[in-house]
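Participant: This one is structure_26.txt, compact mmCIF, C-alpha atoms.
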# COMPACT_ATOMS: atom_id res chain seq x y z
CA MET A 1 13.94 -17.85 -47.85
CA THR A 2 10.28 -18.82 -48.03
CA LYS A 3 7.69 -18.00 -45.41
CA ASP A 4 7.52 -21.60 -44.14
CA GLU A 5 11.30 -21.85 -43.92
CA PHE A 6 11.43 -18.58 -41.97
CA LEU A 7 8.71 -19.69 -39.57
CA ASP A 8 10.24 -23.14 -39.07
CA ARG A 9 13.67 -21.64 -38.39
CA LEU A 10 12.16 -19.11 -36.00
CA GLY A 11 10.27 -21.89 -34.22
CA ASN A 12 13.48 -23.86 -33.80
CA LEU A 13 15.35 -20.85 -32.42
CA LEU A 14 12.56 -20.18 -29.94
CA ALA A 15 12.26 -23.81 -28.84
CA CYS A 16 13.33 -22.66 -25.36
CA LEU A 17 10.00 -20.88 -24.94
CA PRO A 18 6.64 -22.45 -24.06
CA ALA A 19 4.86 -24.11 -26.99
CA ASP A 20 1.91 -21.71 -26.95
CA GLN A 21 4.24 -18.72 -27.09
CA ILE A 22 6.10 -20.24 -30.05
CA GLU A 23 2.81 -20.80 -31.84
CA GLU A 24 1.75 -17.22 -31.10
CA THR A 25 5.05 -15.97 -32.50
CA ARG A 26 4.69 -18.06 -35.65
CA GLN A 27 1.14 -16.82 -36.21
CA PHE A 28 2.18 -13.20 -35.68
CA TYR A 29 5.03 -13.35 -38.19
CA ALA A 30 2.92 -15.38 -40.64
CA GLU A 31 0.33 -12.59 -40.55
CA ALA A 32 3.03 -9.90 -40.83
CA ILE A 33 4.52 -11.59 -43.90
CA ALA A 34 1.05 -12.10 -45.40
CA ASP A 35 0.26 -8.40 -44.88
CA ARG A 36 3.40 -7.39 -46.75
CA MET A 37 2.62 -9.81 -49.55
CA GLU A 38 -0.85 -8.25 -49.83
CA ASP A 39 0.86 -4.87 -50.11
CA GLY A 40 2.60 -6.10 -53.26
CA MET A 41 5.87 -7.59 -51.96
CA SER A 42 7.04 -10.97 -53.16
CA GLU A 43 7.32 -13.76 -50.58
CA GLN A 44 11.12 -13.44 -50.45
CA GLN A 45 10.92 -9.66 -50.04
CA ALA A 46 8.31 -9.91 -47.30
CA VAL A 47 10.40 -12.48 -45.43
CA ALA A 48 13.54 -10.40 -45.88
CA ALA A 49 11.71 -7.37 -44.44
CA MET A 50 11.25 -9.29 -41.19
CA GLY A 51 15.00 -9.68 -40.74
CA THR A 52 16.79 -12.93 -40.21
CA PRO A 53 15.16 -15.54 -37.94
CA GLY A 54 18.14 -15.15 -35.59
CA GLU A 55 17.56 -11.39 -35.25
CA VAL A 56 13.85 -11.88 -34.70
CA ALA A 57 14.46 -14.56 -32.07
CA GLU A 58 16.99 -12.35 -30.27
CA ALA A 59 14.57 -9.41 -30.34
CA ILE A 60 11.82 -11.56 -28.85
CA LEU A 61 14.09 -12.91 -26.12
CA ASP A 62 15.47 -9.43 -25.36
CA ASP A 63 11.92 -8.18 -24.86
CA MET A 64 11.41 -10.64 -21.99
CA PRO A 65 12.03 -9.79 -18.30
CA ALA A 66 15.56 -10.47 -17.05
CA VAL A 67 15.00 -13.77 -15.25
CA PRO A 68 12.84 -15.54 -17.87
CA ARG A 69 15.24 -14.24 -20.54
CA ALA A 70 18.25 -15.74 -18.75
CA ILE A 71 16.38 -19.03 -18.30
CA ALA A 72 15.29 -19.10 -21.94
CA LYS A 73 18.77 -18.31 -23.27
CA THR A 74 20.36 -20.95 -21.03
CA ARG A 75 17.72 -23.47 -22.02
CA ARG A 76 18.37 -22.66 -25.67
CA ARG A 77 21.95 -23.74 -25.21
CA SER A 78 21.13 -26.87 -23.21
CA THR A 79 18.28 -28.02 -21.03
CA VAL A 80 20.74 -30.14 -19.05
CA LEU A 81 22.91 -27.06 -18.48
CA LEU A 82 19.86 -25.19 -17.23
CA TRP A 83 19.03 -27.89 -14.68
CA VAL A 84 22.65 -28.20 -13.60
CA LEU A 85 22.82 -24.46 -13.01
CA VAL A 86 19.47 -24.48 -11.23
CA ILE A 87 20.53 -27.25 -8.86
CA LEU A 88 24.16 -26.28 -8.30
CA GLY A 89 23.38 -22.57 -8.13
CA SER A 90 20.45 -23.00 -5.75
CA PRO A 91 22.44 -21.98 -2.65
CA VAL A 92 23.14 -18.67 -4.37
CA TRP A 93 19.99 -17.87 -6.33
CA LEU A 94 17.65 -19.21 -3.66
CA ALA A 95 19.30 -17.05 -1.00
CA LEU A 96 19.22 -14.04 -3.32
CA LEU A 97 15.58 -14.70 -4.15
CA ILE A 98 14.63 -14.91 -0.47
CA ALA A 99 16.61 -11.73 0.29
CA PHE A 100 14.94 -9.96 -2.62
CA ALA A 101 11.50 -11.05 -1.45
CA ALA A 102 12.30 -9.98 2.12
CA VAL A 103 13.47 -6.53 1.01
CA ALA A 104 10.46 -6.10 -1.28
CA LEU A 105 8.09 -7.10 1.54
CA SER A 106 9.87 -4.80 4.02
CA VAL A 107 9.57 -1.81 1.72
CA TYR A 108 5.90 -2.64 1.13
CA ILE A 109 5.24 -2.83 4.89
CA CYS A 110 7.17 0.42 5.52
CA ILE A 111 5.08 2.22 2.91
CA TRP A 112 1.86 1.12 4.61
CA ALA A 113 3.24 1.81 8.11
CA LEU A 114 3.36 5.48 7.12
CA ALA A 115 -0.36 5.45 6.31
CA LEU A 116 -1.10 3.53 9.51
CA CYS A 117 0.74 6.19 11.56
CA VAL A 118 -1.49 8.95 10.17
CA TRP A 119 -4.62 6.88 10.92
CA VAL A 120 -3.38 6.27 14.47
CA VAL A 121 -2.81 10.00 14.97
CA ALA A 122 -6.35 10.71 13.70
CA ALA A 123 -7.82 8.04 16.00
CA ALA A 124 -5.84 9.35 18.98
CA LEU A 125 -7.04 12.91 18.37
CA GLY A 126 -10.63 11.67 18.15
CA ALA A 127 -10.31 9.58 21.33
CA VAL A 128 -8.81 12.46 23.30
CA GLY A 129 -11.50 14.81 21.95
CA LEU A 130 -14.27 12.45 23.07
CA SER A 131 -12.59 12.07 26.48
CA ALA A 132 -12.48 15.84 26.85
CA LEU A 133 -16.20 16.04 26.02
CA ALA A 134 -16.89 13.32 28.59
CA LEU A 135 -14.93 15.29 31.20
CA THR A 136 -17.17 18.27 30.41
CA THR A 137 -20.01 16.45 32.16
CA ALA A 138 -17.78 15.96 35.20
CA GLY A 139 -17.06 19.71 35.18
CA ILE A 140 -20.82 20.41 35.09
CA ALA A 141 -21.34 18.02 38.04
CA ILE A 142 -18.78 19.84 40.20
CA GLY A 143 -19.88 23.29 38.95
CA ASN A 144 -16.50 24.39 37.58
CA VAL A 145 -17.61 26.57 34.65
CA PRO A 146 -14.13 27.53 33.31
CA TYR A 147 -13.19 23.83 33.31
CA VAL A 148 -16.41 22.98 31.44
CA LEU A 149 -15.65 25.61 28.80
CA ALA A 150 -12.02 24.55 28.50
CA MET A 151 -12.87 20.84 28.12
CA LEU A 152 -15.75 21.55 25.73
CA GLY A 153 -13.52 23.77 23.60
CA CYS A 154 -10.64 21.30 23.62
CA GLY A 155 -13.00 18.42 22.83
CA LEU A 156 -14.59 20.16 19.86
CA ALA A 157 -11.24 21.37 18.51
CA LEU A 158 -9.68 17.92 18.85
CA ILE A 159 -12.63 16.22 17.12
CA GLY A 160 -12.34 18.76 14.29
CA ALA A 161 -8.62 18.07 14.08
CA ALA A 162 -9.36 14.32 14.05
CA LEU A 163 -11.74 14.79 11.11
CA LEU A 164 -9.14 16.77 9.17
CA THR A 165 -6.39 14.28 10.01
CA GLY A 166 -8.71 11.43 9.01
CA ALA A 167 -9.30 13.12 5.65
CA ALA A 168 -5.55 13.57 5.21
CA ALA A 169 -5.01 9.91 6.17
CA TRP A 170 -7.55 8.86 3.53
CA VAL A 171 -5.78 10.90 0.84
CA ILE A 172 -2.37 9.57 1.94
CA SER A 173 -3.71 6.00 1.94
CA LYS A 174 -4.95 6.39 -1.64
CA GLN A 175 -1.59 7.77 -2.74
CA ILE A 176 0.26 5.02 -0.88
CA ALA A 177 -1.98 2.40 -2.51
CA ARG A 178 -0.90 3.81 -5.88
CA ILE A 179 2.76 3.88 -4.84
CA SER A 180 2.61 0.36 -3.43
CA ALA A 181 1.03 -0.91 -6.67
CA LEU A 182 3.89 0.67 -8.61
CA TRP A 183 6.33 -0.87 -6.16
CA VAL A 184 4.83 -4.34 -6.63
CA LYS A 185 5.07 -3.93 -10.42
CA LYS A 186 8.67 -2.79 -10.06
CA ALA A 187 9.52 -5.63 -7.69
CA ILE A 188 8.17 -8.33 -9.99
CA SER A 189 9.45 -6.73 -13.20
CA PRO A 190 12.58 -8.94 -13.34
CA PHE A 191 10.30 -12.00 -13.34
CA TRP A 192 7.05 -10.89 -14.91
CA LYS A 193 5.98 -8.34 -17.45
CA ASP A 194 2.56 -7.48 -18.79
CA ARG A 195 1.91 -7.35 -22.49
CA ASN A 196 1.92 -3.58 -22.51
CA GLY A 197 5.42 -3.58 -21.07
CA ASN A 198 4.36 -1.97 -17.79
CA GLY A 199 5.32 -4.83 -15.50
CA GLY A 200 2.98 -7.32 -13.86
CA GLY A 201 0.28 -9.37 -15.55
CA LEU A 202 0.92 -11.98 -18.18
CA PRO A 203 4.34 -13.14 -19.33
CA THR A 204 5.82 -11.00 -22.04
CA SER A 205 5.51 -11.63 -25.73
CA PRO A 206 5.82 -9.39 -28.75
CA PHE A 207 2.07 -9.55 -29.30
CA GLY A 208 -1.03 -7.69 -28.29
CA THR A 209 -3.39 -9.39 -25.91
CA ASP A 210 -5.48 -10.73 -28.78
CA GLY A 211 -2.53 -11.76 -30.90
CA THR A 212 -3.16 -9.03 -33.45
CA ASP A 213 -0.99 -6.08 -34.29
CA GLY A 214 -0.97 -3.80 -31.25
CA GLY A 215 1.26 -0.93 -30.25
CA ALA A 216 3.97 -3.26 -28.96
CA ASP A 217 3.69 -5.30 -32.15
CA MET A 218 4.24 -2.23 -34.24
CA ASP A 219 7.30 -1.36 -32.16
CA THR A 220 8.76 -4.81 -32.59
CA THR A 221 7.95 -4.89 -36.29
CA THR A 222 9.32 -1.41 -36.83
CA ARG A 223 12.48 -2.25 -34.91
CA LEU A 224 12.94 -5.45 -36.88
CA ALA A 225 12.30 -3.68 -40.16
CA ALA A 226 14.82 -1.02 -39.24
CA ALA A 227 17.29 -3.72 -38.25
CA SER A 228 16.77 -5.47 -41.55
CA ASN A 229 17.40 -2.24 -43.43
CA MET B 1 -14.16 19.51 -4.84
CA THR B 2 -17.60 18.00 -4.28
CA ASN B 3 -20.23 19.50 -2.00
CA ALA B 4 -19.83 16.61 0.45
CA LYS B 5 -16.12 17.34 0.76
CA LYS B 6 -16.74 21.05 1.16
CA THR B 7 -19.29 20.34 3.90
CA PHE B 8 -16.91 17.93 5.61
CA PHE B 9 -14.06 20.44 5.67
CA ALA B 10 -16.41 23.24 6.73
CA VAL B 11 -17.67 21.15 9.67
CA ALA B 12 -14.14 20.13 10.69
CA GLY B 13 -12.80 23.66 10.39
CA GLY B 14 -15.83 25.05 12.19
CA LEU B 15 -15.39 22.61 15.06
CA ILE B 16 -11.76 23.64 15.43
CA ALA B 17 -12.57 27.36 15.32
CA VAL B 18 -15.50 27.11 17.76
CA GLY B 19 -13.47 24.82 20.03
CA ILE B 20 -10.54 27.24 20.19
CA VAL B 21 -12.87 30.16 20.95
CA ILE B 22 -14.74 28.28 23.71
CA ALA B 23 -11.48 27.01 25.22
CA ALA B 24 -10.11 30.58 25.16
CA ILE B 25 -13.24 31.82 26.93
CA GLY B 26 -12.79 29.12 29.58
CA PHE B 27 -9.15 30.10 30.00
CA ILE B 28 -10.11 33.77 30.41
CA ALA B 29 -12.93 32.87 32.81
CA SER B 30 -10.46 30.96 34.99
CA GLY B 31 -8.34 34.08 35.33
CA PHE B 32 -5.73 32.86 32.86
CA ASN B 33 -5.02 29.82 35.00
CA PRO B 34 -3.35 27.09 32.89
CA ALA B 35 -4.57 24.50 35.38
CA VAL B 36 -8.05 24.84 33.87
CA PHE B 37 -6.87 22.54 31.07
CA SER B 38 -5.57 19.88 33.45
CA THR B 39 -7.32 16.78 34.71
CA GLN B 40 -5.63 14.72 37.40
CA ILE B 41 -6.97 11.35 38.51
CA ASP B 42 -4.49 9.58 40.80
CA MET B 43 -5.86 6.35 42.26
CA ARG B 44 -2.81 5.78 44.47
CA ASP B 45 -3.97 8.43 46.92
CA ASP B 46 -7.50 8.96 45.59
CA THR B 47 -6.66 12.46 44.37
CA ILE B 48 -9.03 13.82 41.72
CA VAL B 49 -8.45 17.38 40.52
CA LEU B 50 -10.50 18.81 37.65
CA GLY B 51 -9.31 22.18 36.35
CA GLY B 52 -7.60 23.01 39.64
CA THR B 53 -10.64 22.03 41.77
CA LYS B 54 -10.21 19.01 44.02
CA VAL B 55 -13.08 16.49 43.97
CA ASP B 56 -13.49 14.80 47.33
CA ASP B 57 -16.25 12.37 46.48
CA PRO B 58 -16.37 11.16 42.85
CA VAL B 59 -19.48 9.02 43.45
CA GLY B 60 -22.13 9.82 40.85
CA ILE B 61 -19.84 11.95 38.68
CA PHE B 62 -19.53 10.60 35.13
CA PRO B 63 -16.92 9.59 33.94
CA ILE B 64 -14.79 10.07 37.06
CA GLU B 65 -16.62 7.34 38.97
CA GLN B 66 -16.10 4.88 36.11
CA ILE B 67 -12.41 5.79 35.80
CA ALA B 68 -11.96 5.46 39.57
CA ARG B 69 -13.39 1.93 39.45
CA LEU B 70 -10.82 0.91 36.84
CA GLY B 71 -8.09 1.09 39.47
CA GLU B 72 -9.85 -1.15 41.93
CA VAL B 73 -8.63 -4.73 42.06
CA ALA B 74 -10.80 -7.31 43.81
CA VAL B 75 -8.50 -9.31 46.09
CA PRO B 76 -9.98 -12.62 47.33
CA GLU B 77 -9.94 -13.15 51.04
CA ALA B 78 -7.37 -15.52 52.45
CA PRO B 79 -8.79 -18.85 53.70
CA ALA B 80 -9.17 -19.21 57.45
CA ALA B 81 -6.30 -20.85 59.24
CA PRO B 82 -6.98 -24.40 60.43
CA SER B 83 -7.76 -24.70 64.14
CA ASN B 84 -5.38 -26.40 66.48
CA PRO B 85 -6.64 -29.99 67.16
CA ALA B 86 -5.08 -30.07 70.64
The structure given in the file should be rewritten as structure tokens.

Facilitator:
Amino acid sequence: MTKDEFLDRLGNLLACLPADQIEETRQFYAEAIADRMEDGMSEQQAVAAMGTPGEVAEAILDDMPAVPRAIAKTRRRSTVLLWVLVILGSPVWLALLIAFAAVALSVYICIWALALCVWVVAAALGAVGLSALALTTAGIAIGNVPYVLAMLGCGLALIGAALLTGAAAWVISKQIARISALWVKKAISPFWKDRNGNGGGLPTSPFGTDGTDGGADMDTTTRLAAASN
Amino acid sequence: MTNAKKTFFAVAGGLIAVGIVIAAIGFIASGFNPAVFSTQIDMRDDTIVLGGTKVDDPVGIFPIEQIARLGEVAVPEAPAAPSNPA
């Protein structure tokens, strides 16, 4: 099989994907074949090292998130089938999608409610501390020295506790921001995947962000080469 | 840990330590009376008790006077009844 035949066959098999992604795929494998030819392989050997177009197409589709992969595979069979399933299955998938979004949002809110609770505790301690200091002046006005000392001591201690709780709330908020970011990535991972495979960001493809050989590219190429062997 | 953080925690810890000591001194000075930590402002019967001492007239005492005013509700006077024309 020649390079052009391989690329044309691969393009046909990936017709279910967006045109720009197909073009990116073609360019990537054209460069990979060219690299092997520069290393001394013949055109047929370089193409054979890539694996069959069917294997390459399957590997690319398998690397996609679950939902786009299912859509692409269904579309590959028939665009009409895809639309029929989308319309007829809407009572099911739409309800599931709404439930999924509701659960994801609820978990996100619960995570932040924890941080809010710590901030509220810190604010309450500070407010009570300031109130105690204000009552100190009332104790001075009525001449009750033990009360003045007690309120002054309580006020200072509570303000100190508020500062410490505020610092803890800040640390917890930073950790929760990190956890919530991970949660968002996890929640959207069935639909979206960044190009480093960490979830979030741009739709998946077997390429680096600049279309050149990156770490993910090497993985895909290595896997395909191993499959071809 | 940066110097700013160290200073922050030193101030917070210092406030707590000094506060506990001063409050303990106040408690001892009161004769170990737990009521020294209590503040009672009851606007239903105008009872104000600070650390076990009843305050009869809160006028001029901050913030008791301000708190006492919070409970006051201005009620408009009822209009006069119409006179009998006969």

Participant: Quick one: residues within 12 Å of Asp56 of chain B, only C-alpha atoms counted, chain neighbours fewer than 3 positions away excluded, as number ranges by chain?

Facilitator: A: 142; B: 41, 45-50, 53, 59-61, 64-65

Participant: Tell me the residues of chain A close to chain B, meaning within 8 Å using all atoms listed in the file, as JSON, numbers by chain.

Facilitator: {"A": [134, 135, 137, 138, 139, 141, 142, 144, 145, 146, 147, 148, 149, 150, 151, 152, 153, 154, 155, 156, 157, 158, 159, 160, 161, 163, 164]}

Participant: One decimal, in Å: what's the spacing between atom CA of Leu114 of chain A and atom CA of Leu133 of chain A?

Facilitator: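 Atom CA of Leu133 of chain A lies 29.2 Å from atom CA of Leu114 of chain A.
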
Participant: Kindly give the distance, in Å, that separates atom CA of Leu125 of chain A and atom CA of Ala167 of chain A, rounded to a single decimal.

Facilitator: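 Atom CA of Ala167 of chain A lies at a distance of 12.9 Å from atom CA of Leu125 of chain A.
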
Participant: So what do you get for atom CA of Leu7 of chain A versus atom CA of Trp83 of chain A, distance-wise?

Facilitator: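 We find that atom CA of Leu7 of chain A and atom CA of Trp83 of chain A lie 28.2 Å from each other.
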
Participant: Once N, CA and C atoms are restored for segment 89-115 of chain A, what would the output be as a PDB file, in the coordinates of the input?

Facilitator:
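Final output, rebuild.pdb:
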ATOM      1  N   GLY A  89      23.413 -23.989  -8.517  1.00  0.00           N
ATOM      2  CA  GLY A  89      23.380 -22.570  -8.130  1.00  0.00           C
ATOM      3  C   GLY A  89      22.320 -22.248  -7.098  1.00  0.00           C
ATOM      4  N   SER A  90      21.553 -23.270  -6.679  1.00  0.00           N
ATOM      5  CA  SER A  90      20.450 -23.000  -5.750  1.00  0.00           C
ATOM      6  C   SER A  90      20.889 -22.338  -4.447  1.00  0.00           C
ATOM      7  N   PRO A  91      22.048 -22.689  -3.881  1.00  0.00           N
ATOM      8  CA  PRO A  91      22.440 -21.980  -2.650  1.00  0.00           C
ATOM      9  C   PRO A  91      22.599 -20.474  -2.868  1.00  0.00           C
ATOM     10  N   VAL A  92      22.945 -20.093  -4.091  1.00  0.00           N
ATOM     11  CA  VAL A  92      23.140 -18.670  -4.370  1.00  0.00           C
ATOM     12  C   VAL A  92      21.815 -18.015  -4.772  1.00  0.00           C
ATOM     13  N   TRP A  93      21.185 -18.564  -5.818  1.00  0.00           N
ATOM     14  CA  TRP A  93      19.990 -17.870  -6.330  1.00  0.00           C
ATOM     15  C   TRP A  93      18.819 -17.973  -5.373  1.00  0.00           C
ATOM     16  N   LEU A  94      18.755 -19.082  -4.618  1.00  0.00           N
ATOM     17  CA  LEU A  94      17.650 -19.210  -3.660  1.00  0.00           C
ATOM     18  C   LEU A  94      17.792 -18.183  -2.546  1.00  0.00           C
ATOM     19  N   ALA A  95      19.054 -18.047  -2.058  1.00  0.00           N
ATOM     20  CA  ALA A  95      19.300 -17.050  -1.000  1.00  0.00           C
ATOM     21  C   ALA A  95      19.029 -15.641  -1.510  1.00  0.00           C
ATOM     22  N   LEU A  96      19.464 -15.360  -2.735  1.00  0.00           N
ATOM     23  CA  LEU A  96      19.220 -14.040  -3.320  1.00  0.00           C
ATOM     24  C   LEU A  96      17.727 -13.786  -3.509  1.00  0.00           C
ATOM     25  N   LEU A  97      17.029 -14.841  -3.936  1.00  0.00           N
ATOM     26  CA  LEU A  97      15.580 -14.700  -4.150  1.00  0.00           C
ATOM     27  C   LEU A  97      14.860 -14.414  -2.838  1.00  0.00           C
ATOM     28  N   ILE A  98      15.246 -15.134  -1.779  1.00  0.00           N
ATOM     29  CA  ILE A  98      14.630 -14.910  -0.470  1.00  0.00           C
ATOM     30  C   ILE A  98      14.947 -13.500   0.036  1.00  0.00           C
ATOM     31  N   ALA A  99      16.218 -13.084  -0.143  1.00  0.00           N
ATOM     32  CA  ALA A  99      16.610 -11.730   0.290  1.00  0.00           C
ATOM     33  C   ALA A  99      15.839 -10.674  -0.494  1.00  0.00           C
ATOM     34  N   PHE A 100      15.690 -10.901  -1.785  1.00  0.00           N
ATOM     35  CA  PHE A 100      14.940  -9.960  -2.620  1.00  0.00           C
ATOM     36  C   PHE A 100      13.491  -9.871  -2.169  1.00  0.00           C
ATOM     37  N   ALA A 101      12.899 -11.038  -1.901  1.00  0.00           N
ATOM     38  CA  ALA A 101      11.500 -11.050  -1.450  1.00  0.00           C
ATOM     39  C   ALA A 101      11.368 -10.366  -0.091  1.00  0.00           C
ATOM     40  N   ALA A 102      12.350 -10.594   0.789  1.00  0.00           N
ATOM     41  CA  ALA A 102      12.300  -9.980   2.120  1.00  0.00           C
ATOM     42  C   ALA A 102      12.399  -8.454   2.026  1.00  0.00           C
ATOM     43  N   VAL A 103      13.307  -7.984   1.171  1.00  0.00           N
ATOM     44  CA  VAL A 103      13.470  -6.530   1.010  1.00  0.00           C
ATOM     45  C   VAL A 103      12.200  -5.931   0.393  1.00  0.00           C
ATOM     46  N   ALA A 104      11.674  -6.614  -0.630  1.00  0.00           N
ATOM     47  CA  ALA A 104      10.460  -6.100  -1.280  1.00  0.00           C
ATOM     48  C   ALA A 104       9.309  -6.030  -0.284  1.00  0.00           C
ATOM     49  N   LEU A 105       9.165  -7.073   0.533  1.00  0.00           N
ATOM     50  CA  LEU A 105       8.090  -7.100   1.540  1.00  0.00           C
ATOM     51  C   LEU A 105       8.298  -6.017   2.590  1.00  0.00           C
ATOM     52  N   SER A 106       9.562  -5.823   3.003  1.00  0.00           N
ATOM     53  CA  SER A 106       9.870  -4.800   4.020  1.00  0.00           C
ATOM     54  C   SER A 106       9.514  -3.412   3.519  1.00  0.00           C
ATOM     55  N   VAL A 107       9.887  -3.125   2.282  1.00  0.00           N
ATOM     56  CA  VAL A 107       9.570  -1.810   1.720  1.00  0.00           C
ATOM     57  C   VAL A 107       8.053  -1.625   1.631  1.00  0.00           C
ATOM     58  N   TYR A 108       7.360  -2.694   1.236  1.00  0.00           N
ATOM     59  CA  TYR A 108       5.900  -2.640   1.130  1.00  0.00           C
ATOM     60  C   TYR A 108       5.273  -2.345   2.494  1.00  0.00           C
ATOM     61  N   ILE A 109       5.760  -3.042   3.536  1.00  0.00           N
ATOM     62  CA  ILE A 109       5.240  -2.830   4.890  1.00  0.00           C
ATOM     63  C   ILE A 109       5.557  -1.412   5.377  1.00  0.00           C
ATOM     64  N   CYS A 110       6.782  -0.943   5.096  1.00  0.00           N
ATOM     65  CA  CYS A 110       7.170   0.420   5.520  1.00  0.00           C
ATOM     66  C   CYS A 110       6.274   1.466   4.876  1.00  0.00           C
ATOM     67  N   ILE A 111       5.947   1.262   3.606  1.00  0.00           N
ATOM     68  CA  ILE A 111       5.080   2.220   2.910  1.00  0.00           C
ATOM     69  C   ILE A 111       3.731   2.309   3.618  1.00  0.00           C
ATOM     70  N   TRP A 112       3.180   1.128   3.974  1.00  0.00           N
ATOM     71  CA  TRP A 112       1.860   1.120   4.610  1.00  0.00           C
ATOM     72  C   TRP A 112       1.926   1.546   6.076  1.00  0.00           C
ATOM     73  N   ALA A 113       3.089   1.362   6.723  1.00  0.00           N
ATOM     74  CA  ALA A 113       3.240   1.810   8.110  1.00  0.00           C
ATOM     75  C   ALA A 113       3.068   3.327   8.202  1.00  0.00           C
ATOM     76  N   LEU A 114       3.506   4.019   7.155  1.00  0.00           N
ATOM     77  CA  LEU A 114       3.360   5.480   7.120  1.00  0.00           C
ATOM     78  C   LEU A 114       1.872   5.854   7.146  1.00  0.00           C
ATOM     79  N   ALA A 115       1.083   5.180   6.324  1.00  0.00           N
ATOM     80  CA  ALA A 115      -0.360   5.450   6.310  1.00  0.00           C
ATOM     81  C   ALA A 115      -0.988   5.091   7.648  1.00  0.00           C
TER      82      ALA A 115
END
